[in-house]
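Shown next: work_2.txt, containing compact mmCIF, N, CA and C atoms.
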```txt
# COMPACT_ATOMS: atom_id res chain seq x y z
N MET A 1 47.44 -35.10 21.39
CA MET A 1 46.46 -35.11 22.43
C MET A 1 46.05 -33.68 22.74
N PHE A 2 44.80 -33.52 23.14
CA PHE A 2 44.24 -32.22 23.43
C PHE A 2 43.68 -32.23 24.86
N TYR A 3 43.72 -31.06 25.50
CA TYR A 3 43.29 -30.96 26.88
C TYR A 3 42.49 -29.69 27.10
N LYS A 4 41.53 -29.77 28.03
CA LYS A 4 40.92 -28.55 28.53
C LYS A 4 41.41 -28.36 29.95
N VAL A 5 41.63 -27.11 30.31
CA VAL A 5 42.14 -26.75 31.63
C VAL A 5 40.95 -26.24 32.44
N ILE A 6 40.71 -26.87 33.58
CA ILE A 6 39.56 -26.52 34.40
C ILE A 6 40.01 -25.97 35.74
N HIS A 7 39.43 -24.82 36.09
CA HIS A 7 39.70 -24.19 37.38
C HIS A 7 38.37 -23.72 37.95
N LYS A 8 38.05 -24.15 39.15
CA LYS A 8 36.79 -23.80 39.82
C LYS A 8 35.58 -24.11 38.92
N ASN A 9 35.60 -25.30 38.33
CA ASN A 9 34.51 -25.82 37.48
C ASN A 9 34.31 -25.04 36.18
N ASN A 10 35.27 -24.22 35.78
CA ASN A 10 35.19 -23.49 34.52
C ASN A 10 36.35 -23.86 33.62
N VAL A 11 36.08 -23.98 32.33
CA VAL A 11 37.14 -24.20 31.36
C VAL A 11 37.83 -22.86 31.14
N ILE A 12 39.11 -22.79 31.46
CA ILE A 12 39.84 -21.53 31.36
C ILE A 12 40.84 -21.51 30.21
N ASP A 13 41.10 -22.67 29.62
CA ASP A 13 42.04 -22.73 28.50
C ASP A 13 41.90 -24.09 27.82
N VAL A 14 42.38 -24.18 26.60
CA VAL A 14 42.49 -25.46 25.90
C VAL A 14 43.90 -25.55 25.34
N LEU A 15 44.44 -26.77 25.37
CA LEU A 15 45.83 -26.97 24.98
C LEU A 15 45.94 -28.06 23.92
N ASP A 16 46.81 -27.84 22.96
CA ASP A 16 47.09 -28.89 21.98
C ASP A 16 48.43 -29.56 22.26
N ARG A 17 49.10 -29.08 23.31
CA ARG A 17 50.35 -29.70 23.78
C ARG A 17 50.59 -29.22 25.19
N LEU A 18 51.36 -29.98 25.93
CA LEU A 18 51.68 -29.60 27.30
C LEU A 18 53.15 -29.18 27.37
N VAL A 19 53.39 -28.03 27.97
CA VAL A 19 54.75 -27.54 28.20
C VAL A 19 54.97 -27.62 29.70
N TYR A 20 55.85 -28.53 30.10
CA TYR A 20 56.08 -28.84 31.51
C TYR A 20 57.12 -27.91 32.12
N LEU A 21 56.87 -27.57 33.39
CA LEU A 21 57.75 -26.65 34.11
C LEU A 21 58.04 -27.17 35.51
N LYS A 22 59.19 -26.77 36.04
CA LYS A 22 59.52 -27.05 37.44
C LYS A 22 60.14 -25.80 38.03
N HIS A 23 60.04 -25.69 39.33
CA HIS A 23 60.58 -24.52 40.02
C HIS A 23 62.03 -24.76 40.40
N GLN A 24 62.88 -23.79 40.08
CA GLN A 24 64.29 -23.86 40.48
C GLN A 24 64.46 -22.93 41.69
N GLN A 25 64.70 -23.52 42.84
CA GLN A 25 64.77 -22.73 44.06
C GLN A 25 65.97 -21.79 44.10
N LYS A 26 67.09 -22.23 43.58
CA LYS A 26 68.31 -21.43 43.63
C LYS A 26 68.11 -20.03 43.06
N HIS A 27 67.39 -19.94 41.90
CA HIS A 27 67.17 -18.64 41.25
C HIS A 27 65.71 -18.20 41.32
N ASP A 28 64.90 -18.97 42.05
CA ASP A 28 63.47 -18.68 42.21
C ASP A 28 62.80 -18.40 40.87
N ARG A 29 62.90 -19.37 39.97
CA ARG A 29 62.28 -19.23 38.65
C ARG A 29 61.78 -20.58 38.15
N MET A 30 60.91 -20.53 37.15
CA MET A 30 60.39 -21.75 36.54
C MET A 30 61.24 -22.11 35.34
N LEU A 31 61.50 -23.41 35.20
CA LEU A 31 62.32 -23.91 34.09
C LEU A 31 61.54 -24.97 33.31
N LEU A 32 61.81 -25.08 32.04
CA LEU A 32 61.25 -26.17 31.25
C LEU A 32 61.81 -27.48 31.77
N CYS A 33 61.00 -28.54 31.70
CA CYS A 33 61.47 -29.83 32.19
C CYS A 33 60.73 -30.97 31.51
N ARG A 34 61.10 -32.21 31.88
CA ARG A 34 60.41 -33.40 31.39
C ARG A 34 59.14 -33.63 32.18
N LYS A 35 58.25 -34.41 31.65
CA LYS A 35 56.98 -34.71 32.29
C LYS A 35 57.18 -35.33 33.68
N ASP A 36 58.15 -36.21 33.81
CA ASP A 36 58.32 -36.94 35.08
C ASP A 36 58.85 -36.07 36.23
N GLU A 37 59.30 -34.85 35.96
CA GLU A 37 59.74 -33.96 37.03
C GLU A 37 58.89 -32.69 37.12
N ALA A 38 57.81 -32.64 36.35
CA ALA A 38 56.97 -31.44 36.25
C ALA A 38 56.21 -31.12 37.54
N GLN A 39 56.11 -29.83 37.78
CA GLN A 39 55.30 -29.29 38.88
C GLN A 39 54.17 -28.42 38.34
N ALA A 40 54.30 -27.99 37.09
CA ALA A 40 53.33 -27.05 36.52
C ALA A 40 53.36 -27.13 34.99
N ILE A 41 52.43 -26.38 34.37
CA ILE A 41 52.38 -26.28 32.91
C ILE A 41 52.17 -24.81 32.52
N PHE A 42 52.49 -24.52 31.27
CA PHE A 42 52.21 -23.21 30.68
C PHE A 42 50.80 -23.20 30.11
N SER A 43 50.17 -22.01 30.11
CA SER A 43 48.91 -21.82 29.40
C SER A 43 49.19 -21.82 27.89
N SER A 44 48.13 -21.86 27.09
CA SER A 44 48.32 -21.90 25.63
C SER A 44 49.02 -20.66 25.10
N ASP A 45 48.82 -19.51 25.74
CA ASP A 45 49.48 -18.28 25.29
C ASP A 45 50.83 -18.05 26.00
N MET A 46 51.20 -19.00 26.86
CA MET A 46 52.45 -18.95 27.63
C MET A 46 52.56 -17.70 28.49
N GLU A 47 51.41 -17.16 28.90
CA GLU A 47 51.37 -16.00 29.78
C GLU A 47 51.14 -16.41 31.23
N ARG A 48 50.54 -17.57 31.44
CA ARG A 48 50.20 -18.02 32.79
C ARG A 48 50.81 -19.40 33.05
N ILE A 49 51.01 -19.66 34.33
CA ILE A 49 51.54 -20.96 34.76
C ILE A 49 50.56 -21.52 35.78
N TRP A 50 50.26 -22.80 35.65
CA TRP A 50 49.35 -23.46 36.59
C TRP A 50 49.99 -24.71 37.16
N HIS A 51 49.75 -24.95 38.43
CA HIS A 51 50.06 -26.24 39.02
C HIS A 51 48.94 -27.18 38.61
N VAL A 52 49.25 -28.42 38.31
CA VAL A 52 48.24 -29.39 37.88
C VAL A 52 48.07 -30.45 38.97
N GLU A 53 46.79 -30.75 39.27
CA GLU A 53 46.49 -31.81 40.23
C GLU A 53 47.26 -33.07 39.83
N GLY A 54 47.92 -33.69 40.80
CA GLY A 54 48.64 -34.93 40.53
C GLY A 54 50.11 -34.73 40.23
N MET A 55 50.53 -33.50 39.95
CA MET A 55 51.95 -33.23 39.73
C MET A 55 52.60 -32.94 41.08
N TYR A 56 53.93 -32.94 41.09
CA TYR A 56 54.65 -32.58 42.31
C TYR A 56 54.17 -31.21 42.79
N ASP A 57 54.14 -31.03 44.12
CA ASP A 57 53.74 -29.74 44.68
C ASP A 57 54.76 -28.66 44.35
N LEU A 58 54.26 -27.44 44.18
CA LEU A 58 55.15 -26.29 44.00
C LEU A 58 55.55 -25.76 45.36
N PRO A 59 56.84 -25.47 45.56
CA PRO A 59 57.30 -24.97 46.85
C PRO A 59 57.05 -23.47 47.05
N VAL A 60 56.38 -22.83 46.11
CA VAL A 60 56.10 -21.39 46.19
C VAL A 60 54.61 -21.16 45.99
N ASP A 61 54.13 -20.04 46.52
CA ASP A 61 52.72 -19.66 46.37
C ASP A 61 52.53 -18.85 45.08
N GLY A 62 51.25 -18.62 44.76
CA GLY A 62 50.94 -17.74 43.64
C GLY A 62 50.50 -18.44 42.38
N TYR A 63 50.38 -19.76 42.42
CA TYR A 63 49.96 -20.51 41.23
C TYR A 63 48.67 -21.26 41.54
N ASP A 64 47.67 -21.07 40.69
CA ASP A 64 46.41 -21.81 40.85
C ASP A 64 46.61 -23.27 40.48
N THR A 65 45.91 -24.14 41.18
CA THR A 65 45.91 -25.56 40.84
C THR A 65 44.73 -25.83 39.93
N VAL A 66 45.00 -26.50 38.81
CA VAL A 66 43.97 -26.78 37.81
C VAL A 66 43.87 -28.27 37.57
N GLU A 67 42.81 -28.63 36.86
CA GLU A 67 42.62 -30.02 36.45
C GLU A 67 42.75 -30.07 34.93
N LEU A 68 43.46 -31.06 34.44
CA LEU A 68 43.57 -31.29 32.99
C LEU A 68 42.64 -32.43 32.61
N VAL A 69 41.83 -32.20 31.58
CA VAL A 69 40.94 -33.24 31.08
C VAL A 69 41.24 -33.44 29.61
N GLU A 70 41.56 -34.68 29.26
CA GLU A 70 41.84 -34.98 27.86
C GLU A 70 40.55 -34.90 27.05
N ILE A 71 40.63 -34.26 25.87
CA ILE A 71 39.47 -34.10 24.99
C ILE A 71 39.85 -34.49 23.57
N ASP A 72 38.85 -34.65 22.71
CA ASP A 72 39.16 -34.98 21.31
C ASP A 72 39.37 -33.68 20.51
N GLU A 73 39.83 -33.82 19.28
CA GLU A 73 40.15 -32.67 18.45
C GLU A 73 38.92 -31.80 18.17
N HIS A 74 37.77 -32.44 17.99
CA HIS A 74 36.53 -31.69 17.71
C HIS A 74 36.20 -30.75 18.87
N GLU A 75 36.24 -31.27 20.11
CA GLU A 75 35.94 -30.43 21.28
C GLU A 75 37.00 -29.34 21.44
N TYR A 76 38.25 -29.68 21.16
CA TYR A 76 39.33 -28.69 21.24
C TYR A 76 39.05 -27.52 20.31
N LYS A 77 38.72 -27.83 19.05
CA LYS A 77 38.46 -26.76 18.08
C LYS A 77 37.26 -25.92 18.48
N LYS A 78 36.22 -26.56 18.98
CA LYS A 78 35.02 -25.85 19.41
C LYS A 78 35.35 -24.92 20.57
N LEU A 79 36.07 -25.42 21.57
CA LEU A 79 36.42 -24.59 22.71
C LEU A 79 37.41 -23.48 22.34
N LYS A 80 38.31 -23.77 21.43
CA LYS A 80 39.30 -22.78 21.00
C LYS A 80 38.61 -21.60 20.34
N VAL A 81 37.62 -21.88 19.51
CA VAL A 81 36.87 -20.82 18.82
C VAL A 81 36.21 -19.89 19.83
N PHE A 82 35.65 -20.47 20.88
CA PHE A 82 34.92 -19.69 21.87
C PHE A 82 35.78 -19.31 23.07
N CYS A 83 37.10 -19.49 22.96
CA CYS A 83 38.04 -19.13 24.03
C CYS A 83 37.65 -19.73 25.37
N GLY A 84 37.17 -20.96 25.35
CA GLY A 84 36.82 -21.64 26.59
C GLY A 84 35.47 -21.27 27.15
N LYS A 85 34.72 -20.44 26.42
CA LYS A 85 33.40 -20.02 26.89
C LYS A 85 32.33 -20.91 26.27
N SER A 86 31.23 -21.03 26.98
CA SER A 86 30.11 -21.79 26.43
C SER A 86 29.44 -20.97 25.33
N ILE A 87 28.68 -21.63 24.49
CA ILE A 87 27.96 -20.93 23.43
C ILE A 87 27.03 -19.88 24.04
N GLU A 88 26.37 -20.21 25.15
CA GLU A 88 25.47 -19.26 25.82
C GLU A 88 26.23 -18.02 26.27
N ASP A 89 27.43 -18.18 26.83
CA ASP A 89 28.23 -17.03 27.28
C ASP A 89 28.62 -16.15 26.09
N VAL A 90 28.98 -16.78 24.97
CA VAL A 90 29.36 -16.03 23.78
C VAL A 90 28.17 -15.22 23.27
N ILE A 91 26.98 -15.84 23.23
CA ILE A 91 25.78 -15.14 22.78
C ILE A 91 25.46 -13.98 23.71
N ASP A 92 25.54 -14.20 25.02
CA ASP A 92 25.28 -13.12 25.99
C ASP A 92 26.23 -11.95 25.77
N GLU A 93 27.51 -12.23 25.58
CA GLU A 93 28.49 -11.17 25.35
C GLU A 93 28.19 -10.44 24.05
N PHE A 94 27.84 -11.18 23.00
CA PHE A 94 27.52 -10.57 21.71
C PHE A 94 26.33 -9.62 21.84
N VAL A 95 25.28 -10.10 22.50
CA VAL A 95 24.08 -9.26 22.67
C VAL A 95 24.41 -8.03 23.48
N GLU A 96 25.18 -8.21 24.55
CA GLU A 96 25.54 -7.07 25.39
C GLU A 96 26.36 -6.06 24.61
N LEU A 97 27.31 -6.54 23.80
CA LEU A 97 28.15 -5.62 23.03
C LEU A 97 27.37 -4.92 21.92
N THR A 98 26.49 -5.65 21.25
CA THR A 98 25.78 -5.06 20.12
C THR A 98 24.56 -4.26 20.53
N LEU A 99 23.83 -4.72 21.53
CA LEU A 99 22.61 -4.03 21.93
C LEU A 99 22.78 -3.18 23.18
N GLY A 100 23.74 -3.53 24.01
CA GLY A 100 23.91 -2.82 25.27
C GLY A 100 24.04 -1.33 25.09
N ASN A 101 24.94 -0.89 24.23
CA ASN A 101 25.16 0.53 24.00
C ASN A 101 23.94 1.15 23.33
N GLU A 102 23.33 0.42 22.42
CA GLU A 102 22.15 0.91 21.72
C GLU A 102 21.00 1.14 22.70
N ILE A 103 20.81 0.22 23.63
CA ILE A 103 19.75 0.35 24.63
C ILE A 103 20.03 1.57 25.52
N GLU A 104 21.29 1.77 25.92
CA GLU A 104 21.64 2.92 26.75
C GLU A 104 21.33 4.23 26.03
N LEU A 105 21.69 4.30 24.74
CA LEU A 105 21.40 5.51 23.96
C LEU A 105 19.90 5.74 23.84
N LEU A 106 19.16 4.66 23.61
CA LEU A 106 17.70 4.75 23.51
C LEU A 106 17.12 5.25 24.82
N MET A 107 17.58 4.71 25.95
CA MET A 107 17.08 5.12 27.26
C MET A 107 17.35 6.61 27.50
N ASP A 108 18.54 7.07 27.18
CA ASP A 108 18.87 8.49 27.35
C ASP A 108 17.96 9.37 26.51
N SER A 109 17.75 8.96 25.25
CA SER A 109 16.87 9.72 24.35
C SER A 109 15.45 9.77 24.88
N LEU A 110 14.94 8.65 25.35
CA LEU A 110 13.57 8.60 25.86
C LEU A 110 13.42 9.45 27.12
N LYS A 111 14.43 9.44 27.98
CA LYS A 111 14.36 10.26 29.19
C LYS A 111 14.32 11.74 28.84
N ARG A 112 15.11 12.13 27.83
CA ARG A 112 15.08 13.53 27.40
C ARG A 112 13.73 13.88 26.80
N LEU A 113 13.19 12.98 25.97
CA LEU A 113 11.89 13.22 25.33
C LEU A 113 10.76 13.31 26.34
N TYR A 114 10.83 12.53 27.38
CA TYR A 114 9.75 12.48 28.36
C TYR A 114 10.14 13.16 29.67
N ASP A 115 10.96 14.20 29.54
CA ASP A 115 11.31 15.07 30.66
C ASP A 115 11.80 14.33 31.90
N GLY A 116 12.63 13.34 31.72
CA GLY A 116 13.24 12.65 32.85
C GLY A 116 12.30 11.79 33.66
N LYS A 117 11.11 11.49 33.15
CA LYS A 117 10.18 10.63 33.89
C LYS A 117 10.80 9.25 34.07
N ARG A 118 10.38 8.57 35.14
CA ARG A 118 10.88 7.22 35.40
C ARG A 118 10.44 6.29 34.30
N ILE A 119 11.40 5.59 33.71
CA ILE A 119 11.14 4.70 32.58
C ILE A 119 11.50 3.28 32.99
N ASP A 120 10.60 2.36 32.74
CA ASP A 120 10.82 0.94 33.06
C ASP A 120 11.68 0.33 31.94
N GLU A 121 12.98 0.13 32.24
CA GLU A 121 13.93 -0.34 31.22
C GLU A 121 13.56 -1.71 30.66
N SER A 122 13.01 -2.57 31.50
CA SER A 122 12.67 -3.92 31.01
C SER A 122 11.58 -3.84 29.94
N LYS A 123 10.67 -2.86 30.08
CA LYS A 123 9.61 -2.70 29.08
C LYS A 123 10.17 -2.10 27.80
N VAL A 124 11.15 -1.20 27.92
CA VAL A 124 11.79 -0.62 26.73
C VAL A 124 12.50 -1.72 25.95
N ILE A 125 13.23 -2.58 26.66
CA ILE A 125 13.95 -3.67 26.00
C ILE A 125 12.97 -4.60 25.30
N GLU A 126 11.84 -4.87 25.96
CA GLU A 126 10.81 -5.73 25.38
C GLU A 126 10.28 -5.14 24.07
N LEU A 127 10.10 -3.81 24.02
CA LEU A 127 9.54 -3.15 22.84
C LEU A 127 10.60 -2.80 21.81
N HIS A 128 11.87 -2.81 22.20
CA HIS A 128 12.95 -2.35 21.33
C HIS A 128 13.07 -3.17 20.04
N GLY A 129 12.62 -4.41 20.05
CA GLY A 129 12.69 -5.23 18.84
C GLY A 129 11.93 -4.63 17.68
N ASN A 130 10.96 -3.77 17.95
CA ASN A 130 10.20 -3.10 16.89
C ASN A 130 10.95 -1.89 16.34
N ASN A 131 12.03 -1.49 16.98
CA ASN A 131 12.89 -0.38 16.62
C ASN A 131 12.28 1.00 16.87
N ILE A 132 10.99 1.17 16.69
CA ILE A 132 10.35 2.46 16.93
C ILE A 132 9.37 2.27 18.08
N ILE A 133 9.45 3.14 19.06
CA ILE A 133 8.53 3.07 20.18
C ILE A 133 7.56 4.24 20.05
N THR A 134 6.30 3.92 19.92
CA THR A 134 5.27 4.95 19.73
C THR A 134 4.92 5.60 21.06
N ASP A 135 4.19 6.74 20.99
CA ASP A 135 3.72 7.40 22.21
C ASP A 135 2.82 6.48 23.01
N GLU A 136 1.99 5.69 22.33
CA GLU A 136 1.11 4.74 23.02
C GLU A 136 1.93 3.73 23.80
N GLN A 137 2.97 3.18 23.14
CA GLN A 137 3.86 2.23 23.81
C GLN A 137 4.61 2.91 24.95
N MET A 138 4.97 4.17 24.77
CA MET A 138 5.69 4.90 25.81
C MET A 138 4.82 5.04 27.05
N GLY A 139 3.52 5.16 26.86
CA GLY A 139 2.61 5.18 28.00
C GLY A 139 2.70 3.89 28.77
N TYR A 140 2.83 2.77 28.06
CA TYR A 140 2.99 1.45 28.68
C TYR A 140 4.29 1.42 29.49
N VAL A 141 5.35 1.97 28.91
CA VAL A 141 6.65 1.97 29.56
C VAL A 141 6.62 2.84 30.81
N LEU A 142 5.91 3.96 30.74
CA LEU A 142 5.84 4.90 31.87
C LEU A 142 4.81 4.47 32.91
N GLY A 143 4.03 3.45 32.58
CA GLY A 143 3.04 2.96 33.53
C GLY A 143 1.73 3.74 33.47
N ASN A 144 1.50 4.47 32.39
CA ASN A 144 0.25 5.23 32.22
C ASN A 144 -0.83 4.39 31.56
```
Can you dump the structure from the file as structure tokens?
Amino acid sequence: MFYKVIHKNNVIDVLDRLVYLKHQQKHDRMLLCRKDEAQAIFSSDMERIWHVEGMYDLPVDGYDTVELVEIDEHEYKKLKVFCGKSIEDVIDEFVELTLGNEIELLMDSLKRLYDGKRIDESKVIELHGNNIITDEQMGYVLGN
């Protein structure tokens, strides 16, 4: 069985198995346990612990309560590839990583070329797809 872990309406993890935990008050620590005594689960990387809606309450603070939703293997693999992010979020991050620095360098170069004049960044981004911005286009960017 496969599950997606939802917190505040966002998928934060996907699981291919559940590792159940309970709190041991005597030593103030979490212990592995059976499903019928569980208060929490481990994340897929076993770095985080979450209380799950419907499980016994945890007697300590500091753990987010999440919802587990059963999913099929296809959805699990899709979400695992994107680390729980939507395709749109992945594309946005990719564009930001690949073009973000390039746009910043372009803006710095243009400001130096045009003596620090105010440059409309949205217009530069619009024209950047052509790779070369002409003086005529720069007039458009500067509002001339």
Excluding Lys22 of chain A and any residue of its chain fewer than 2 positions from it, enumerate the residues within 6.5 Å of it, using all atoms listed in the file, and give them as number ranges by chain. A: 20, 24, 29-33, 37-40
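Counting only C-alpha atoms and comparing A:Lys4, A:Phe94, A:Glu67, A:Tyr56, the residue that lies closest to Asp16 of chain A is A:Lys4.
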I'd like the contact shell of Thr65 of chain A - 8 Å cut-off, all atoms listed in the file, skipping same-chain residues fewer than 3 positions apart - returned as a ChimeraX atom specification. /A:6-8,49-53,62,68
